[in-house]
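Read through the structure below, which is laid out as structure tokens, and then see the notes.
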Amino acid sequence: MIQEKKRYDTKDLILKINQHYNQSELPLAYWDRFLDALCGTREYQKEAIKNSVIYLASNEYANIEDLVSKNYYQNYQLRERYSDVTDYHRKIQLPSKLSATIDLATGTGKSYVMYGIAQILLGLGLVKRVLVLCPSTTIEKELHKKFLALVADPILKETIPESAIIKNPSIVDGSVTVKEGDICIENVHAVYERTGSSIEDSFGFKRGYDALVLNDETHHIYNRISGNTSEARGLKVWKKFLLDDGYNFKYMLGFTGTAYIGNDYFNDVIYRYSLRQAVDEKFVKKINYVSEDDSINEDQRFQKIYQNHTKNKLTYKSLKPITILVTNNITNAKRLETRLVEFLMLEEGLEEQEIKDKLVMTVTSDKAHKHNVIRLEEVDGQDSTVEWIVSVSMLTEGWDVKNVFQIVPMEERAFNSKLLISQVLGRGLRVPQEYIGNAQVTIFNHSSWGSKIKGLVDEVLELEMRLESSNIVEGDRGEHHFTLYNIDYNKTERAVENNKKEKEFNYKDYINLESSVDQISQETTYTNLDNEYRGVEYKIKNRMTPIKEIVDKIYHEFQTREWEGVTLNLQEGQYTKNSLPPKEEITKLIRRSMDKVGLEGDELNEKNKRNIFSSFNTLLRRKNKSLELVRTAQRPYAISTKERIKETLSVGNLRHNSTVMYSNNYKDEVKDVDVLNFLQDVIDDESLPRTAIKEANSYDFKTPVDIVFLNATPERKFAEKLIRNENAKALDAWLKSTNQSFYTIEYSLSSKSGNHTKQSRFNPDFFIKTSDDKMEYITVVEIKDDQDYSDLNKAKFKWATIHFQELNKQLKEAKVKQRYNFHFLSPENYDDFFEYLRNGKLTEGLFTSNLDKELNTNA
């Protein structure tokens, strides 16, 4: 049976550096006093520096491929991970260079390691200049400050060997020419923002051969960066800059505490000091994370987070403890700030503006928060009053504050890979001097995410075995690529009058409420890295609202909202827009409802308040209108099937109704050796369902990808008909689209109340190209089960139909010889569809499926 997951000990994936080198050529022992002064008792820093210097300066290795080859044949785990050494070489991120990564847990002083390597290699004369690149101005400022302090340290200066070629390097930035003996610290955006930067003048025209490049937070180079902001653009060109032959860089090292591409560990690490080691040796704070929690809403979670924060203020009295709440994007950060401020107003008894000015700070790359990025540098100072920071996950990298004692990841998307978990944890690991050995950081995560933290610190790399579908760029099937056109839209909403029948609302008896108390006790279980459990009891208040306030709110809504065609029946009488019910009537209704469940007093909790408001919700609809999305089409743009991104599928999915389709020439068409070997294992695995694999005749497999993934029975049955000879002869090419990012169509779905619309996108399943002497035709197909008439599908059908009508109109005006048909299709109409394909009626717009008919709400 095929193995669905492979497990590796992360430590076994580290590339070992040969310690038996020619010490006459590389007298590293002369630098022992310098290393003792620089690193003190942190032996791991010395080891990281020595390993790096030996790798770069011993002449034992020509480049990273040479290092990999010498490790590959001596390391069984590497041979398990990569089928052959050539495949390993192909997956190296910075090939043909003396490049590598140093993995040091956040808070363990990698800036000392960077400086130590720079000074020694300058002193040895291996390089004449050093370029330190980092992903943000925050990190740049911190590194500049640290390097200036180190280069000016008289004790360090005294320990540099007399034989050193460069003893006193100058610390500069990219605004000046980088000369011999300089260490230039620059944020990577200077690489492409050439105005005011000397990077091009200093290292262009192949002048980088005598320079060492040190890349801080190197995971940004290896991980795909999304977005089109200036920050994102700068990070995208970082790798391109390093490999540019115009600079001719040879020596380069990366530094990170998050050496992951998603969940996969870097393949070029030559030294690792793990989070587990750092915690065990007390160089960073102990970590406690939530393993079990009974919170049922955000208010309860906020109360526990607040109580933790209050306890931290008592425990670490000489400091001002900070709690960080982490989101995955700017929009969510802004929304979280609003909810947090509202919560703190209740707890602190302060006004909104006072809390925003003194206690809460939101840090994102948004212009509205630009001043907060500057304030962040002083947030741990005695004069700062900030106790709560809302942050997007990446933004606080390089921020070396030590008084973070609680971190709250708010969404799973900010915490769903080892890379992101490492980044989030890293914000709270540094230890204040006065609490070395006794400091702890609490991670108030959702309990279901606790296992992810454990997976990170257990130092086990568990890789799900996945097939990968790639574009074919050569050979006969590579000729099946084709061009599509798509349209983007500008969007606005407008209100549309609804014609509603008269309605009656009866509240003669009572509204359903639930029993409640003012305060409850809840226990949350925390786990540390040694799997020791600790229960913490919290007193959770039920938020109460006076009945009078609830009644006033309802009455106010009666006065301001429309009643047209509505009758309200209460116990004491009947009311319409011309005769509003008195407040006493509404109060009596609420009191009767409370009596029914034994509630006393003059207040109700949040849930019962919502129950009352929701019972009047339909009556109190603000306007008898719904919102309609108005879209303004932009000009069409071309997108080639060659731009389809790679797609993956796990073996587990093959056991649950998914299919992989490939041609009889798969051994020539699948270029990735690992994928080919894995595909062969899948083909040979007799334990998989019969429907998990499907081989196609390459002459009839007219798709420009090496293998096709089909996610359910309807998709499989449709694709099987596409590769039948009689159907393949009737078409030019086809493509099974990816689930996201390739060709998206926008749609909007109205809420059940009709008061707002949800805007989203979907990716149609198949694109089928046919042609005649005059025109190319693209038939776009969305596959569904029979009789799937959901509102969601109706919305997709409506907007996709409008989309392709607009696209055809614009293509006709532009005299582009391509037209589109769109269909929702289910198995009941497959035979009809392919008959129309063969006889040419499909391109004439004469085909209509049962789903087309039923989903067409305008028919």
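Going by the structure tokens order, chains are called A, B, ..., each with residues numbered from 1, while ligands are numbered from 1 in the order shown.
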(message) Which residues are close to stretch 208-225 of chain A, i.e. within 6 Å by only C-alpha atoms, leaving aside same-chain residues fewer than 6 positions away? Reply as a list in words.
(response)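 Selected residues are Val127, Lys128, Arg129, Val130, Leu131, Val132, Leu133, Cys134, Lys239, Tyr247, Asn248, Phe249, Lys250, Tyr251, Met252, Leu253, Gly254, Phe255, Thr256 and Ile261 of chain A.
Non-sequential neighbours of stretch 179-193 of chain A (distance at most 7 Å, separation of 2 or more positions within a chain, only C-alpha atoms) are Lys128, Arg129, Val130, Leu131, Val132, Leu133, Cys134, Pro135, Ser136, Thr137, Glu140, His144, Ile166, Pro169, Ser170, Ile171, Val172, Asp173, Gly174, Thr177, Thr195, Ser197, Ile199, Gly234 and Trp238 of chain A.
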Just-selected residues, C-alpha atoms written as an mmCIF file, in the first residue's frame:
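selection-v2.cif, freshly written:
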data_model
loop_
_atom_site.group_PDB
_atom_site.id
_atom_site.type_symbol
_atom_site.label_atom_id
_atom_site.label_comp_id
_atom_site.auth_asym_id
_atom_site.auth_seq_id
_atom_site.Cartn_x
_atom_site.Cartn_y
_atom_site.Cartn_z
ATOM 1 C CA LYS A 128 35.985 42.926 0.773
ATOM 2 C CA ARG A 129 32.412 44.096 1.356
ATOM 3 C CA VAL A 130 29.243 42.814 2.997
ATOM 4 C CA LEU A 131 25.664 43.501 1.910
ATOM 5 C CA VAL A 132 22.981 42.764 4.512
ATOM 6 C CA LEU A 133 19.455 42.649 3.036
ATOM 7 C CA CYS A 134 16.233 42.580 5.069
ATOM 8 C CA PRO A 135 12.509 42.749 4.214
ATOM 9 C CA SER A 136 11.427 45.905 6.057
ATOM 10 C CA THR A 137 12.583 49.257 7.387
ATOM 11 C CA GLU A 140 16.822 47.541 8.832
ATOM 12 C CA HIS A 144 21.788 49.067 11.910
ATOM 13 C CA ILE A 166 39.851 44.400 7.731
ATOM 14 C CA PRO A 169 34.346 47.801 9.133
ATOM 15 C CA SER A 170 32.123 50.807 8.541
ATOM 16 C CA ILE A 171 28.350 50.419 8.862
ATOM 17 C CA VAL A 172 26.574 52.162 5.964
ATOM 18 C CA ASP A 173 23.298 51.985 4.051
ATOM 19 C CA GLY A 174 22.398 52.008 0.377
ATOM 20 C CA THR A 177 28.632 53.827 -2.428
ATOM 21 C CA THR A 195 16.286 56.360 -6.959
ATOM 22 C CA SER A 197 20.134 53.877 -3.810
ATOM 23 C CA ILE A 199 23.144 49.232 -4.818
ATOM 24 C CA GLY A 234 10.160 44.242 -3.413
ATOM 25 C CA TRP A 238 14.707 39.643 -3.888
#
Which stretch 1-108 of chain A residues have any atom within 9 Å of an atom of stretch 149-157 of chain A, and for each, what is the nearest pair of atoms with distance in Å to one decimal, counting only C-alpha atoms, rows sorted by chain and number, as CSV?
residue,atom,partner,partner_atom,distance
A:Arg33,CA,A:Leu156,CA,8.8
A:Phe34,CA,A:Leu156,CA,6.2
A:Leu35,CA,A:Leu156,CA,8.8
A:Ala37,CA,A:Leu156,CA,6.2
A:Leu38,CA,A:Leu156,CA,6.7
Can you write just those residues out, all heavy atoms, as a short mmCIF file (atom, residue, chain, number, x, y, z; two decimals), in the first residue's frame?
data_model
loop_
_atom_site.label_atom_id
_atom_site.label_comp_id
_atom_site.auth_asym_id
_atom_site.auth_seq_id
_atom_site.Cartn_x
_atom_site.Cartn_y
_atom_site.Cartn_z
N ARG A 33 39.03 34.01 20.55
CA ARG A 33 38.81 35.06 21.55
C ARG A 33 37.70 36.00 21.11
O ARG A 33 36.86 36.43 21.91
CB ARG A 33 40.10 35.87 21.79
CG ARG A 33 41.15 35.12 22.59
CD ARG A 33 42.35 36.03 22.88
NE ARG A 33 41.99 37.16 23.71
CZ ARG A 33 42.23 38.43 23.40
NH1 ARG A 33 42.80 38.74 22.24
NH2 ARG A 33 41.88 39.40 24.22
N PHE A 34 37.68 36.31 19.84
CA PHE A 34 36.63 37.16 19.29
C PHE A 34 35.26 36.50 19.47
O PHE A 34 34.29 37.15 19.91
CB PHE A 34 36.92 37.43 17.81
CG PHE A 34 35.78 38.12 17.08
CD1 PHE A 34 35.57 39.48 17.21
CD2 PHE A 34 34.92 37.40 16.26
CE1 PHE A 34 34.53 40.12 16.54
CE2 PHE A 34 33.87 38.02 15.58
CZ PHE A 34 33.69 39.39 15.72
N LEU A 35 35.17 35.21 19.18
CA LEU A 35 33.91 34.50 19.32
C LEU A 35 33.47 34.41 20.78
O LEU A 35 32.28 34.50 21.08
CB LEU A 35 34.01 33.11 18.69
CG LEU A 35 34.13 33.09 17.16
CD1 LEU A 35 34.33 31.67 16.66
CD2 LEU A 35 32.90 33.70 16.51
N ALA A 37 34.12 36.60 23.10
CA ALA A 37 33.65 37.94 23.49
C ALA A 37 32.29 38.25 22.86
O ALA A 37 31.43 38.88 23.48
CB ALA A 37 34.68 38.99 23.09
N LEU A 38 32.11 37.83 21.63
CA LEU A 38 30.88 38.13 20.91
C LEU A 38 29.70 37.30 21.43
O LEU A 38 28.60 37.83 21.65
CB LEU A 38 31.06 37.87 19.41
CG LEU A 38 29.83 38.06 18.51
CD1 LEU A 38 29.43 39.53 18.46
CD2 LEU A 38 30.11 37.54 17.10
#
(message) What does the structure give for the distance between atom CA of A:Met410 and atom CA of A:Ala278, in Å to one decimal?
(response) 25.7 Å
(request) Give me the residues within 10 Å of A:Phe678 as an MDAnalysis selection string, counting only C-alpha atoms and dropping any in the same chain fewer than 6 places off. (result) chainID A and resid 2:3 83 465:468 651 672 684
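Distances from A:Asn168, A:Gln810, A:Thr587, A:Gln307 to A:Glu537 were compared using only C-alpha atoms, and the smallest one belongs to A:Gln307.
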(message) Taking the DSSP secondary structure from the backbone, can you list the residues of stretch 215-431 of chain A that are helix (DSSP H, G or I), as a VMD selection string?
(response) chain A and resid 219 to 222 230 to 243 275 to 280 298 to 315 330 to 348 352 to 358 367 to 378 412 to 414 418 to 426
(request) Per DSSP on the backbone, filter stretch 583-815 of chain A down to the residues in strand (DSSP E or B) and report them as a PyMOL selection string. (result) chain A and resi 603-605+625-633+637-640+647-650+659-663+693-696+705+707-710+733-736+745-750+757-762+766-771+776-783
